[in-house]
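Have a look at run12.cif below; it lists mmCIF, C-alpha atoms and all ligand atoms.
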data_protein
#
loop_
_atom_site.label_atom_id
_atom_site.label_comp_id
_atom_site.auth_asym_id
_atom_site.auth_seq_id
_atom_site.Cartn_x
_atom_site.Cartn_y
_atom_site.Cartn_z
CA MET A 1 13.93 -33.94 30.79
CA LEU A 2 17.71 -34.13 30.45
CA LYS A 3 19.39 -36.96 32.36
CA LEU A 4 22.89 -36.53 33.74
CA PHE A 5 24.98 -39.60 34.50
CA THR A 6 26.87 -38.27 37.45
CA HIS A 7 28.79 -39.10 40.59
CA HIS A 8 29.28 -36.72 43.49
CA ARG A 9 33.08 -37.09 43.41
CA SER A 10 33.42 -36.64 39.65
CA VAL A 11 35.14 -33.34 38.91
CA SER A 12 33.90 -33.38 35.30
CA ALA A 13 30.30 -34.04 36.32
CA HIS A 14 30.58 -31.28 38.92
CA ARG A 15 31.31 -28.79 36.09
CA VAL A 16 28.22 -29.89 34.22
CA ARG A 17 25.99 -29.72 37.31
CA ILE A 18 27.12 -26.14 37.94
CA ALA A 19 26.46 -25.15 34.31
CA LEU A 20 22.99 -26.72 34.32
CA ASN A 21 22.13 -24.90 37.56
CA CYS A 22 23.54 -21.55 36.38
CA LYS A 23 21.38 -21.85 33.29
CA GLY A 24 18.34 -22.90 35.30
CA VAL A 25 17.93 -26.12 33.32
CA ALA A 26 16.10 -28.95 35.10
CA TYR A 27 17.69 -32.39 34.87
CA GLU A 28 17.47 -35.79 36.44
CA SER A 29 20.58 -37.22 38.10
CA ILE A 30 21.41 -40.82 37.28
CA PHE A 31 23.96 -41.71 39.93
CA THR A 32 26.61 -43.95 38.45
CA GLY A 33 29.47 -45.61 40.33
CA LEU A 34 32.97 -44.32 39.61
CA ASP A 35 34.59 -47.54 40.69
CA GLY A 36 31.50 -49.71 40.74
CA ALA A 37 31.27 -53.41 40.09
CA ALA A 38 32.55 -54.52 36.70
CA ALA A 39 29.01 -55.43 35.63
CA ASP A 40 27.81 -51.87 36.32
CA ARG A 41 30.69 -50.44 34.35
CA GLN A 42 29.90 -52.77 31.45
CA SER A 43 26.27 -51.66 31.32
CA PHE A 44 27.29 -47.99 31.58
CA ARG A 45 29.58 -48.46 28.57
CA ARG A 46 26.44 -48.88 26.49
CA ILE A 47 25.73 -45.22 27.41
CA ASN A 48 29.31 -43.98 27.12
CA PRO A 49 31.74 -46.41 25.47
CA GLU A 50 34.62 -44.73 27.34
CA GLY A 51 32.96 -45.66 30.62
CA LEU A 52 33.63 -42.19 32.02
CA ILE A 53 31.34 -39.80 33.83
CA PRO A 54 29.61 -37.52 32.98
CA ALA A 55 27.30 -38.32 30.11
CA LEU A 56 24.24 -36.29 29.26
CA TRP A 57 21.21 -38.10 27.87
CA VAL A 58 19.25 -35.67 25.72
CA ASP A 59 16.99 -38.16 23.96
CA ASP A 60 17.20 -41.66 22.54
CA ASP A 61 19.22 -40.29 19.61
CA LEU A 62 21.69 -38.18 21.54
CA VAL A 63 23.90 -38.99 24.51
CA ILE A 64 26.80 -36.56 24.93
CA SER A 65 30.03 -37.61 26.63
CA GLN A 66 32.99 -35.34 27.52
CA SER A 67 32.20 -32.47 29.85
CA SER A 68 33.54 -29.83 27.44
CA ALA A 69 31.23 -31.10 24.68
CA ILE A 70 28.33 -31.07 27.14
CA LEU A 71 29.17 -27.53 28.27
CA GLU A 72 29.29 -26.32 24.66
CA TYR A 73 25.99 -28.04 23.91
CA LEU A 74 24.34 -26.37 26.91
CA GLU A 75 25.78 -23.00 25.91
CA GLU A 76 24.34 -23.35 22.38
CA ARG A 77 21.01 -24.80 23.44
CA TYR A 78 20.42 -22.42 26.37
CA PRO A 79 22.05 -19.15 25.35
CA GLU A 80 19.78 -16.98 27.52
CA ARG A 81 22.06 -17.17 30.56
CA PRO A 82 25.45 -17.40 28.88
CA LEU A 83 28.54 -18.76 30.57
CA LEU A 84 30.71 -17.47 27.74
CA HIS A 85 30.13 -13.76 27.87
CA GLY A 86 31.91 -10.48 27.23
CA ASP A 87 33.71 -9.47 24.04
CA ILE A 88 35.68 -11.84 21.85
CA GLY A 89 38.87 -11.31 23.85
CA GLN A 90 37.12 -11.94 27.13
CA ARG A 91 35.56 -15.13 25.81
CA ALA A 92 38.97 -16.34 24.66
CA ARG A 93 40.38 -15.60 28.12
CA ILE A 94 37.57 -17.57 29.74
CA ARG A 95 38.16 -20.54 27.41
CA SER A 96 41.93 -20.54 28.04
CA PHE A 97 41.42 -20.54 31.78
CA ALA A 98 38.83 -23.32 31.60
CA GLN A 99 41.11 -25.48 29.46
CA ILE A 100 43.83 -25.44 32.12
CA ALA A 101 41.44 -27.43 34.29
CA ILE A 102 39.73 -29.50 31.59
CA ALA A 103 42.62 -30.35 29.30
CA ASP A 104 45.85 -29.96 31.26
CA THR A 105 45.07 -30.95 34.83
CA HIS A 106 42.15 -33.29 35.23
CA PRO A 107 43.32 -35.96 32.75
CA LEU A 108 46.56 -36.41 34.71
CA ASN A 109 44.82 -36.85 38.05
CA ASN A 110 41.88 -38.92 36.97
CA LEU A 111 41.04 -42.06 38.92
CA ARG A 112 42.03 -44.41 36.10
CA VAL A 113 45.46 -42.75 35.83
CA LEU A 114 46.06 -42.94 39.58
CA ARG A 115 44.87 -46.56 39.57
CA TYR A 116 47.21 -47.38 36.70
CA LEU A 117 50.14 -45.86 38.62
CA ARG A 118 49.18 -48.00 41.63
CA ASP A 119 48.27 -51.29 39.97
CA GLU A 120 50.44 -51.48 36.86
CA MET A 121 53.43 -49.27 37.69
CA ASP A 122 53.61 -50.21 41.36
CA VAL A 123 53.89 -46.58 42.44
CA ALA A 124 53.65 -46.20 46.23
CA TYR A 125 51.03 -43.99 47.89
CA ASP A 126 53.47 -41.14 48.73
CA HIS A 127 54.63 -40.90 45.15
CA ARG A 128 51.09 -41.05 43.78
CA ARG A 129 50.16 -38.31 46.20
CA ALA A 130 53.18 -36.24 45.05
CA TRP A 131 52.09 -36.74 41.43
CA PHE A 132 48.54 -35.64 42.22
CA GLU A 133 49.63 -32.52 44.12
CA HIS A 134 52.28 -31.62 41.54
CA TRP A 135 49.76 -31.38 38.70
CA LEU A 136 47.26 -29.46 40.82
CA HIS A 137 49.87 -26.85 41.75
CA ALA A 138 51.06 -26.77 38.12
CA ALA A 139 47.53 -25.58 37.28
CA PHE A 140 46.71 -23.39 40.26
CA GLY A 141 49.92 -21.32 39.91
CA PRO A 142 49.17 -20.06 36.38
CA MET A 143 45.45 -19.77 37.14
CA GLU A 144 46.26 -17.53 40.10
CA SER A 145 48.53 -15.37 37.89
CA LEU A 146 45.90 -15.09 35.17
CA LEU A 147 43.36 -13.76 37.66
CA ALA A 148 45.71 -11.70 39.84
CA ASP A 149 47.18 -9.97 36.76
CA GLN A 150 43.83 -8.56 35.70
CA PRO A 151 43.18 -4.87 36.18
CA ALA A 152 41.54 -4.30 39.54
CA GLY A 153 37.81 -4.34 39.07
CA GLU A 154 34.56 -4.73 40.85
CA HIS A 155 34.03 -8.31 39.87
CA SER A 156 33.86 -11.17 42.35
CA PHE A 157 34.22 -13.99 39.85
CA CYS A 158 37.05 -15.09 37.56
CA PHE A 159 36.73 -12.52 34.81
CA SER A 160 33.52 -10.68 35.45
CA ALA A 161 30.73 -9.74 37.82
CA ARG A 162 28.90 -12.99 37.08
CA PRO A 163 30.18 -16.53 36.78
CA SER A 164 31.48 -17.82 33.48
CA LEU A 165 32.83 -21.11 32.20
CA ALA A 166 36.07 -20.21 33.98
CA ASP A 167 34.32 -20.34 37.38
CA VAL A 168 32.44 -23.49 36.33
CA CYS A 169 35.80 -25.21 35.76
CA LEU A 170 37.71 -23.69 38.68
CA VAL A 171 35.31 -24.63 41.47
CA PRO A 172 35.34 -28.44 40.99
CA GLN A 173 39.14 -28.41 40.82
CA ILE A 174 39.46 -26.50 44.11
CA SER A 175 36.72 -28.52 45.76
CA MET A 176 38.62 -31.71 44.89
CA ALA A 177 41.91 -30.24 46.16
CA GLU A 178 40.23 -29.32 49.46
CA ARG A 179 38.76 -32.81 49.78
CA TYR A 180 42.28 -34.23 49.56
CA GLY A 181 43.74 -31.68 51.99
CA VAL A 182 45.94 -29.88 49.44
CA ARG A 183 47.25 -26.56 50.79
CA LEU A 184 45.90 -23.60 48.87
CA ASP A 185 47.52 -20.70 50.80
CA ALA A 186 49.52 -19.65 47.75
CA TYR A 187 46.37 -18.87 45.77
CA PRO A 188 44.46 -16.03 47.49
CA THR A 189 42.66 -14.92 44.34
CA LEU A 190 41.48 -18.42 43.50
CA ARG A 191 40.23 -18.85 47.06
CA ARG A 192 38.40 -15.52 46.97
CA VAL A 193 36.67 -16.43 43.72
CA TYR A 194 35.87 -19.90 45.09
CA ARG A 195 34.16 -18.37 48.14
CA ALA A 196 32.18 -15.99 45.91
CA CYS A 197 30.99 -18.91 43.77
CA LEU A 198 29.98 -20.96 46.81
CA SER A 199 27.74 -18.12 47.98
CA LEU A 200 25.50 -18.79 44.96
CA ALA A 201 22.67 -21.33 45.05
CA ALA A 202 23.63 -22.71 41.62
CA PHE A 203 27.05 -23.73 42.94
CA GLN A 204 25.74 -24.94 46.31
CA ALA A 205 23.23 -27.26 44.65
CA ALA A 206 26.02 -28.74 42.49
CA ALA A 207 28.48 -29.35 45.34
CA PRO A 208 29.64 -32.94 45.89
CA ASP A 209 28.34 -33.14 49.46
CA THR A 210 24.84 -31.99 48.46
CA GLN A 211 24.40 -34.87 45.98
CA SER A 212 22.21 -37.77 47.12
CA ASP A 213 24.89 -40.34 46.28
CA SER A 214 27.38 -38.68 48.66
CA HIS A 215 25.63 -40.53 51.51
CA ASN A 216 26.81 -43.84 50.05
CA ASP A 217 30.50 -43.10 50.79
N1 LIG B 1 37.60 -35.70 29.62
C1 LIG B 1 36.47 -36.28 30.28
C2 LIG B 1 36.94 -36.96 31.54
C3 LIG B 1 35.86 -37.78 32.18
C4 LIG B 1 36.41 -38.52 33.36
O1 LIG B 1 37.59 -38.88 33.39
N2 LIG B 1 35.55 -38.78 34.34
C5 LIG B 1 36.00 -39.42 35.55
C6 LIG B 1 35.33 -38.81 36.75
S1 LIG B 1 35.75 -37.12 36.92
C7 LIG B 1 35.68 -40.89 35.51
O2 LIG B 1 34.63 -41.29 35.06
N3 LIG B 1 36.61 -41.69 36.03
C8 LIG B 1 36.43 -43.09 36.12
C9 LIG B 1 37.73 -43.77 35.98
O3 LIG B 1 38.75 -43.09 35.93
O4 LIG B 1 37.70 -45.01 35.92
C10 LIG B 1 35.41 -35.23 30.58
O5 LIG B 1 35.77 -34.06 30.71
O6 LIG B 1 34.22 -35.58 30.64
#

Would you mind writing the file out in structure tokens?
Ligand SMILES: N[C@@H](CCC(=O)N[C@@H](CS)C(=O)NCC(=O)O)C(=O)O
Amino acid sequence: MLKLFTHHRSVSAHRVRIALNCKGVAYESIFTGLDGAAADRQSFRRINPEGLIPALWVDDDLVISQSSAILEYLEERYPERPLLHGDIGQRARIRSFAQIAIADTHPLNNLRVLRYLRDEMDVAYDHRRAWFEHWLHAAFGPMESLLADQPAGEHSFCFSARPSLADVCLVPQISMAERYGVRLDAYPTLRRVYRACLSLAAFQAAAPDTQSDSHND
């Protein structure tokens, strides 16, 4: 069985949990501290030399780090319930949307970046908070436009009537923003899609507060 090194608060692991559930793939969660003791981090670096979550253990010869690499692997290995669907243009649209979260937003607001601002740059809480919110809004604004600009259709999810990689990447980002009390009034389409996703069991079972390690907080 696949093993996912995960943490309930990890946005990147949240994406992978949703994808695994949407595809109906069974996996074992290996709960790994995000800011655990140095010794734990050292032993985890034998799994993923970057020390970041998630990592997917496939077998003794293959451990995949980087959520986008894991998502691509799952898409190729389990194509029956695709998360990249539609025609070539639609698939490109889905990828572009997903990359706003994966490539442009999350790396700026990651724990190690916020810690570096605090510990090495001496940035006060209010300014770190302003940084964090700035980059979230810098993503949510264009994401809202990309969805709101689509021709009116019947679909409840980002680009179609069933979830795609775009939804897989949107939901963890919004969930994290909600956890930190970021105002999302300016993004009615994103909120509508978010609610539609949360009505599905695959998304519910991946949510941070349904993970066993959330009780440790
Ligand atoms: N680009 C990586 C980012 C992974 C990442 O930054 N994971 C975070 C949790 S979401 C982490 O492990 N942070 C620990 C830290 O910052 O020290 C991916 O998509 O997998």

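Candidate residues A:Leu146, A:Asp217, A:Leu71, A:Arg128 were compared for distance to Arg93 (chain A), and the nearest is A:Leu146, using all atoms listed in the file.
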
10 Å contact set for region 108-124 of chain A, all atoms listed in the file, chain neighbours under 4 positions out, as a PyMOL selection string: chain A and resi 10-12+34-35+52+103-104+128-129+131-136

Selection: 9 Å around region 54-67 of chain A, all atoms listed in the file, excl. self and same-chain fewer than 6 positions, as a PyMOL selection string: chain A and resi 1-7+10+12-16+32+47-48+73+102

Nearest residue to Phe157 (chain A) from the set A:Arg179, A:Arg192, A:Arg91, A:Arg41 (distances using all atoms listed in the file): A:Arg192

Could you give me the centre and size, in Å to one decimal, of an axis-aligned box around all listed atoms of region 17-30 of chain A with 4 Å added on every side, as lines of an AutoDock Vina configuration file?
center_x = 21.6
center_y = -31.2
center_z = 35.7
size_x = 19.0
size_y = 27.3
size_z = 12.8

Shell of 10 Å around Phe97 (chain A), only C-alpha atoms, local chain residues under 5 positions omitted, as a PyMOL selection string: chain A and resi 91-92+102+139+142-143+146-147+158-159+165-167+169-170

Atoms kept (C-alpha atoms) for selection, written as a short mmCIF file (atom, residue, chain, number, x, y, z; two decimals), in the coordinates of the input:
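Saved the output as selection-v8.cif:
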data_model
loop_
_atom_site.label_atom_id
_atom_site.label_comp_id
_atom_site.auth_asym_id
_atom_site.auth_seq_id
_atom_site.Cartn_x
_atom_site.Cartn_y
_atom_site.Cartn_z
CA ARG A 91 35.56 -15.13 25.81
CA ALA A 92 38.97 -16.34 24.66
CA ILE A 102 39.73 -29.50 31.59
CA ALA A 139 47.53 -25.58 37.28
CA PRO A 142 49.17 -20.06 36.38
CA MET A 143 45.45 -19.77 37.14
CA LEU A 146 45.90 -15.09 35.17
CA LEU A 147 43.36 -13.76 37.66
CA CYS A 158 37.05 -15.09 37.56
CA PHE A 159 36.73 -12.52 34.81
CA LEU A 165 32.83 -21.11 32.20
CA ALA A 166 36.07 -20.21 33.98
CA ASP A 167 34.32 -20.34 37.38
CA CYS A 169 35.80 -25.21 35.76
CA LEU A 170 37.71 -23.69 38.68
#

Residue with smallest distance to Ser145 (chain A) - pool A:Thr189, A:Ser212, A:Ser96, A:Gln42, counting all atoms listed in the file: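 Closest to Ser145 (chain A), using all atoms listed in the file: A:Thr189.
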
Residue nearest ligand LIG 1 (chain B) among A:Arg162, A:Arg77, A:His106, A:Lys23 (counting all atoms listed in the file):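 Looking only at the distances to ligand LIG 1 (chain B), the closest residue turns out to be A:His106.
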
Pick from A:Ser156, A:Ser29, A:Ser68, A:Thr210 nearest to ligand LIG 1 (chain B), counting all atoms listed in the file: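 With all atoms listed in the file as the atom set, the closest residue is A:Ser68.
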
Gap from CA of Val168 (chain A) to CA of Ala19 (chain A) - Å, one decimal: 6.5 Å

Separation of CA of Ser175 (chain A) from atom C4 of ligand LIG 1 (chain B) in Å: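 So the answer is 15.9 Å.
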
Between CA of Gln204 (chain A) and CA of Pro79 (chain A) - distance in Å to one decimal: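 Distance between the two atoms: 22.1 Å.
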
Option closest in space to Glu144 (chain A), from A:Ala186, A:His127, A:Val171, A:Ser160 [counting all atoms listed in the file]: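 That would be A:Ala186, the residue with the smallest distance to Glu144 (chain A).
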
Selection: 8 Å around Leu83 (chain A), all atoms listed in the file, excl. self and same-chain fewer than 2 positions, as a list in words: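 These residues fall inside the cut-off: Ala19, Glu75, Arg81, His85, Pro163, Ser164 and Leu165 of chain A.
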
Could you give me region 92-119 of chain A completed to N, CA and C atoms, formatted as a PDB file, in the coordinates of the input?
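As written to disk, rebuild-v1.pdb reads:
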ATOM      1  N   ALA A  92      37.751 -15.548  24.874  1.00  0.00           N
ATOM      2  CA  ALA A  92      38.970 -16.340  24.660  1.00  0.00           C
ATOM      3  C   ALA A  92      39.694 -16.554  25.992  1.00  0.00           C
ATOM      4  N   ARG A  93      39.731 -15.505  26.812  1.00  0.00           N
ATOM      5  CA  ARG A  93      40.380 -15.600  28.120  1.00  0.00           C
ATOM      6  C   ARG A  93      39.672 -16.658  28.996  1.00  0.00           C
ATOM      7  N   ILE A  94      38.364 -16.613  28.950  1.00  0.00           N
ATOM      8  CA  ILE A  94      37.570 -17.570  29.740  1.00  0.00           C
ATOM      9  C   ILE A  94      37.869 -19.006  29.278  1.00  0.00           C
ATOM     10  N   ARG A  95      37.903 -19.183  27.947  1.00  0.00           N
ATOM     11  CA  ARG A  95      38.160 -20.540  27.410  1.00  0.00           C
ATOM     12  C   ARG A  95      39.555 -21.024  27.811  1.00  0.00           C
ATOM     13  N   SER A  96      40.551 -20.139  27.694  1.00  0.00           N
ATOM     14  CA  SER A  96      41.930 -20.540  28.040  1.00  0.00           C
ATOM     15  C   SER A  96      42.003 -21.005  29.485  1.00  0.00           C
ATOM     16  N   PHE A  97      41.391 -20.225  30.356  1.00  0.00           N
ATOM     17  CA  PHE A  97      41.420 -20.540  31.780  1.00  0.00           C
ATOM     18  C   PHE A  97      40.744 -21.898  32.029  1.00  0.00           C
ATOM     19  N   ALA A  98      39.583 -22.069  31.410  1.00  0.00           N
ATOM     20  CA  ALA A  98      38.830 -23.320  31.600  1.00  0.00           C
ATOM     21  C   ALA A  98      39.635 -24.524  31.118  1.00  0.00           C
ATOM     22  N   GLN A  99      40.365 -24.353  30.026  1.00  0.00           N
ATOM     23  CA  GLN A  99      41.110 -25.480  29.460  1.00  0.00           C
ATOM     24  C   GLN A  99      42.262 -25.919  30.351  1.00  0.00           C
ATOM     25  N   ILE A 100      42.768 -25.017  31.188  1.00  0.00           N
ATOM     26  CA  ILE A 100      43.830 -25.440  32.120  1.00  0.00           C
ATOM     27  C   ILE A 100      43.284 -26.559  33.002  1.00  0.00           C
ATOM     28  N   ALA A 101      42.045 -26.387  33.447  1.00  0.00           N
ATOM     29  CA  ALA A 101      41.440 -27.430  34.290  1.00  0.00           C
ATOM     30  C   ALA A 101      41.043 -28.643  33.446  1.00  0.00           C
ATOM     31  N   ILE A 102      40.315 -28.379  32.361  1.00  0.00           N
ATOM     32  CA  ILE A 102      39.730 -29.500  31.590  1.00  0.00           C
ATOM     33  C   ILE A 102      40.798 -30.320  30.877  1.00  0.00           C
ATOM     34  N   ALA A 103      41.713 -29.636  30.201  1.00  0.00           N
ATOM     35  CA  ALA A 103      42.620 -30.350  29.300  1.00  0.00           C
ATOM     36  C   ALA A 103      43.968 -30.672  29.921  1.00  0.00           C
ATOM     37  N   ASP A 104      44.470 -29.775  30.794  1.00  0.00           N
ATOM     38  CA  ASP A 104      45.850 -29.960  31.260  1.00  0.00           C
ATOM     39  C   ASP A 104      45.949 -30.632  32.615  1.00  0.00           C
ATOM     40  N   THR A 105      44.929 -30.496  33.445  1.00  0.00           N
ATOM     41  CA  THR A 105      45.070 -30.950  34.830  1.00  0.00           C
ATOM     42  C   THR A 105      44.297 -32.229  35.112  1.00  0.00           C
ATOM     43  N   HIS A 106      42.994 -32.164  34.850  1.00  0.00           N
ATOM     44  CA  HIS A 106      42.150 -33.290  35.230  1.00  0.00           C
ATOM     45  C   HIS A 106      42.584 -34.625  34.609  1.00  0.00           C
ATOM     46  N   PRO A 107      42.966 -34.656  33.321  1.00  0.00           N
ATOM     47  CA  PRO A 107      43.320 -35.960  32.750  1.00  0.00           C
ATOM     48  C   PRO A 107      44.516 -36.630  33.450  1.00  0.00           C
ATOM     49  N   LEU A 108      45.391 -35.824  34.043  1.00  0.00           N
ATOM     50  CA  LEU A 108      46.560 -36.410  34.710  1.00  0.00           C
ATOM     51  C   LEU A 108      46.223 -36.966  36.088  1.00  0.00           C
ATOM     52  N   ASN A 109      45.156 -36.448  36.687  1.00  0.00           N
ATOM     53  CA  ASN A 109      44.820 -36.850  38.050  1.00  0.00           C
ATOM     54  C   ASN A 109      43.538 -37.657  38.134  1.00  0.00           C
ATOM     55  N   ASN A 110      43.091 -38.123  37.000  1.00  0.00           N
ATOM     56  CA  ASN A 110      41.880 -38.920  36.970  1.00  0.00           C
ATOM     57  C   ASN A 110      42.101 -40.256  37.688  1.00  0.00           C
ATOM     58  N   LEU A 111      40.988 -40.794  38.173  1.00  0.00           N
ATOM     59  CA  LEU A 111      41.040 -42.060  38.920  1.00  0.00           C
ATOM     60  C   LEU A 111      41.755 -43.155  38.133  1.00  0.00           C
ATOM     61  N   ARG A 112      41.451 -43.285  36.850  1.00  0.00           N
ATOM     62  CA  ARG A 112      42.030 -44.410  36.100  1.00  0.00           C
ATOM     63  C   ARG A 112      43.545 -44.249  35.956  1.00  0.00           C
ATOM     64  N   VAL A 113      44.017 -42.984  35.916  1.00  0.00           N
ATOM     65  CA  VAL A 113      45.460 -42.750  35.830  1.00  0.00           C
ATOM     66  C   VAL A 113      46.119 -43.115  37.165  1.00  0.00           C
ATOM     67  N   LEU A 114      45.490 -42.662  38.263  1.00  0.00           N
ATOM     68  CA  LEU A 114      46.060 -42.940  39.580  1.00  0.00           C
ATOM     69  C   LEU A 114      46.038 -44.448  39.870  1.00  0.00           C
ATOM     70  N   ARG A 115      44.952 -45.096  39.398  1.00  0.00           N
ATOM     71  CA  ARG A 115      44.870 -46.560  39.570  1.00  0.00           C
ATOM     72  C   ARG A 115      45.948 -47.271  38.754  1.00  0.00           C
ATOM     73  N   TYR A 116      46.194 -46.755  37.562  1.00  0.00           N
ATOM     74  CA  TYR A 116      47.210 -47.380  36.700  1.00  0.00           C
ATOM     75  C   TYR A 116      48.592 -47.245  37.349  1.00  0.00           C
ATOM     76  N   LEU A 117      48.857 -46.058  37.925  1.00  0.00           N
ATOM     77  CA  LEU A 117      50.140 -45.860  38.620  1.00  0.00           C
ATOM     78  C   LEU A 117      50.273 -46.866  39.760  1.00  0.00           C
ATOM     79  N   ARG A 118      49.150 -47.086  40.474  1.00  0.00           N
ATOM     80  CA  ARG A 118      49.180 -48.000  41.630  1.00  0.00           C
ATOM     81  C   ARG A 118      49.291 -49.459  41.180  1.00  0.00           C
ATOM     82  N   ASP A 119      48.405 -49.861  40.261  1.00  0.00           N
ATOM     83  CA  ASP A 119      48.270 -51.290  39.970  1.00  0.00           C
ATOM     84  C   ASP A 119      49.264 -51.804  38.933  1.00  0.00           C
TER      85      ASP A 119
END
